[in-house]
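What follows is one structure encoded as structure tokens, with my remarks underneath.
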Amino acid sequence: MKMRELPHDHGESARVLEQFQREEDFRLAAEVFKQFADTTRVRIFWLLCHYESCVINISALLEISSPAVSHHLKALRQSGLIVSRRGGKEVYYRASDTPVSRLAHQMIEQVMEVTCPE
């Protein structure tokens with residue numbers, strides 16, 4: 001994408017303006033933030049940052065149906081915030097070990113002013 005010329009020069013950094021032009025980076029960030037527009041999804045993600053769990057246990061904790069939990073897990077997995085593994089007939093979910101996932105967890109904790117249990 002070609003760098004746009006600005007009508008007024010206020011000393012903007014060329015690096016910042018170049019990065020601003022990369023719309024794909026902002027689309028990816030918006031996708032991650034979109035996941036946190038739903039309270040249930042935030043709760044599920046926070047839980048999975050602390051331990052691995054299955055749909056049935058998450059469903060019991062939240063007192064919502066397993067299909068509803070699965071719907072939220074699918075969205076979180078597609079955004080890269082969680083990962084899954086199969087253990088026999090059961091599928092277990094946990095937060096992914098990525099910089100974005102760790103940052104999202106920290107952000108949630110700081111907003112809630114909660115200290116992670118050890």
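Convention: chains lettered A, B, ... in structure tokens order; per-chain residue numbering from 1; ligands numbered from 1 as shown.
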> Can you tell me, as JSON, numbers by chain, what residues are no more than 7 Å from range 28-37 of chain A when counting only C-alpha atoms, ignoring any on the same chain fewer than 5 positions away?
Replying inline: {"A": [42, 76, 79]}
> Out of chain A, which residues get strand (DSSP E) from DSSP, as JSON, numbers by chain?
Replying inline: {"A": [53, 54, 82, 83, 84, 85, 86, 87, 90, 91, 92, 93, 94, 95]}
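Distances to Arg86 in chain A were evaluated for A:Arg43, A:Cys54, A:Met107, A:Phe26 using only C-alpha atoms, and the minimum falls at A:Cys54.
The interatomic distance for the pair CA of Val83 in chain A and CA of Gln110 in chain A works out to 23.1 Å.
Take the candidates A:Leu17, A:Leu48, A:Val55, A:Leu62 and check each one against Asp97 in chain A using only C-alpha atoms; the shortest distance goes to A:Leu48.
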>> Using only C-alpha atoms, which protein or nucleic acid residues come within 12 Å of Thr40 in chain A? Drop anything in the same chain fewer than 3 positions from it, and give the result as a PyMOL selection string.
In response: chain A and resi 35-37+43-47+58-59+61-64+68-73+75-76
Keeping N, CA and C atoms for every residue in the selection just given, could you write it to a file as a compact mmCIF listing (two decimals), in the first residue's frame?
# COMPACT_ATOMS: atom_id res chain seq x y z
N GLN A 35 -13.81 -11.33 20.44
CA GLN A 35 -14.08 -12.48 21.29
C GLN A 35 -14.49 -12.06 22.70
N PHE A 36 -14.04 -10.91 23.13
CA PHE A 36 -14.31 -10.46 24.50
C PHE A 36 -15.53 -9.56 24.61
N ALA A 37 -16.33 -9.52 23.56
CA ALA A 37 -17.58 -8.76 23.62
C ALA A 37 -18.69 -9.56 24.29
N ARG A 43 -15.35 -15.41 30.37
CA ARG A 43 -15.26 -16.34 31.51
C ARG A 43 -14.63 -17.66 31.09
N ILE A 44 -15.04 -18.20 29.95
CA ILE A 44 -14.47 -19.45 29.46
C ILE A 44 -12.98 -19.28 29.20
N PHE A 45 -12.61 -18.21 28.52
CA PHE A 45 -11.19 -17.99 28.23
C PHE A 45 -10.39 -17.85 29.52
N TRP A 46 -10.88 -17.08 30.46
CA TRP A 46 -10.18 -16.89 31.73
C TRP A 46 -9.99 -18.24 32.43
N LEU A 47 -11.05 -19.04 32.47
CA LEU A 47 -10.97 -20.36 33.09
C LEU A 47 -9.89 -21.22 32.43
N ILE A 58 -17.09 -27.35 31.74
CA ILE A 58 -17.32 -25.92 31.51
C ILE A 58 -18.82 -25.64 31.54
N SER A 59 -19.58 -26.52 30.89
CA SER A 59 -21.03 -26.39 30.87
C SER A 59 -21.61 -26.40 32.28
N LEU A 61 -20.02 -25.66 35.12
CA LEU A 61 -19.60 -24.45 35.84
C LEU A 61 -20.44 -23.23 35.47
N LEU A 62 -20.72 -23.09 34.18
CA LEU A 62 -21.45 -21.92 33.70
C LEU A 62 -22.96 -22.10 33.74
N GLU A 63 -23.39 -23.33 33.97
CA GLU A 63 -24.82 -23.66 33.97
C GLU A 63 -25.48 -23.27 32.65
N ILE A 64 -24.81 -23.63 31.56
CA ILE A 64 -25.38 -23.45 30.22
C ILE A 64 -25.19 -24.77 29.47
N ALA A 68 -23.98 -24.72 23.65
CA ALA A 68 -23.64 -23.29 23.79
C ALA A 68 -22.16 -23.12 24.12
N VAL A 69 -21.65 -23.98 25.01
CA VAL A 69 -20.22 -23.94 25.34
C VAL A 69 -19.40 -24.23 24.11
N SER A 70 -19.79 -25.25 23.36
CA SER A 70 -19.07 -25.62 22.14
C SER A 70 -19.02 -24.48 21.14
N HIS A 71 -20.11 -23.75 21.04
CA HIS A 71 -20.16 -22.58 20.15
C HIS A 71 -19.11 -21.54 20.56
N HIS A 72 -19.02 -21.26 21.84
CA HIS A 72 -18.04 -20.29 22.33
C HIS A 72 -16.61 -20.81 22.15
N LEU A 73 -16.41 -22.09 22.42
CA LEU A 73 -15.07 -22.67 22.26
C LEU A 73 -14.61 -22.61 20.81
N ALA A 75 -15.38 -20.37 18.55
CA ALA A 75 -14.98 -18.99 18.25
C ALA A 75 -13.62 -18.68 18.85
N LEU A 76 -13.41 -19.08 20.09
CA LEU A 76 -12.12 -18.84 20.75
C LEU A 76 -10.98 -19.59 20.06
Residue contacts of Ile82 in chain A (6 Å, only C-alpha atoms) excluding same-chain residues fewer than 6 positions away, as a compact mmCIF listing (two decimals) with N, CA, C and O atoms, in the first residue's frame:
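For reference, out.txt as written:
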# COMPACT_ATOMS: atom_id res chain seq x y z
N LEU A 76 -13.41 -19.08 20.09
CA LEU A 76 -12.12 -18.84 20.75
C LEU A 76 -10.98 -19.59 20.06
O LEU A 76 -9.88 -19.08 19.91
N ARG A 94 -7.60 -25.60 26.48
CA ARG A 94 -6.79 -24.73 27.34
C ARG A 94 -6.41 -23.51 26.52
O ARG A 94 -6.50 -23.51 25.28
N ALA A 95 -5.97 -22.47 27.21
CA ALA A 95 -5.50 -21.26 26.52
C ALA A 95 -4.24 -21.60 25.73
O ALA A 95 -3.42 -22.38 26.18
N SER A 96 -4.11 -21.02 24.56
CA SER A 96 -2.92 -21.27 23.75
C SER A 96 -1.73 -20.55 24.39
O SER A 96 -1.89 -19.56 25.11
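For the residues A:Ile56, A:Arg41, A:His105, A:His50, ranking by smallest atom-to-atom distance to Arg77 in chain A using only C-alpha atoms places A:Arg41 first.
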>> Just list as a count of residues only whatever in range 62-113 of chain A DSSP marks as helix (DSSP H, G or I).
In response: 28
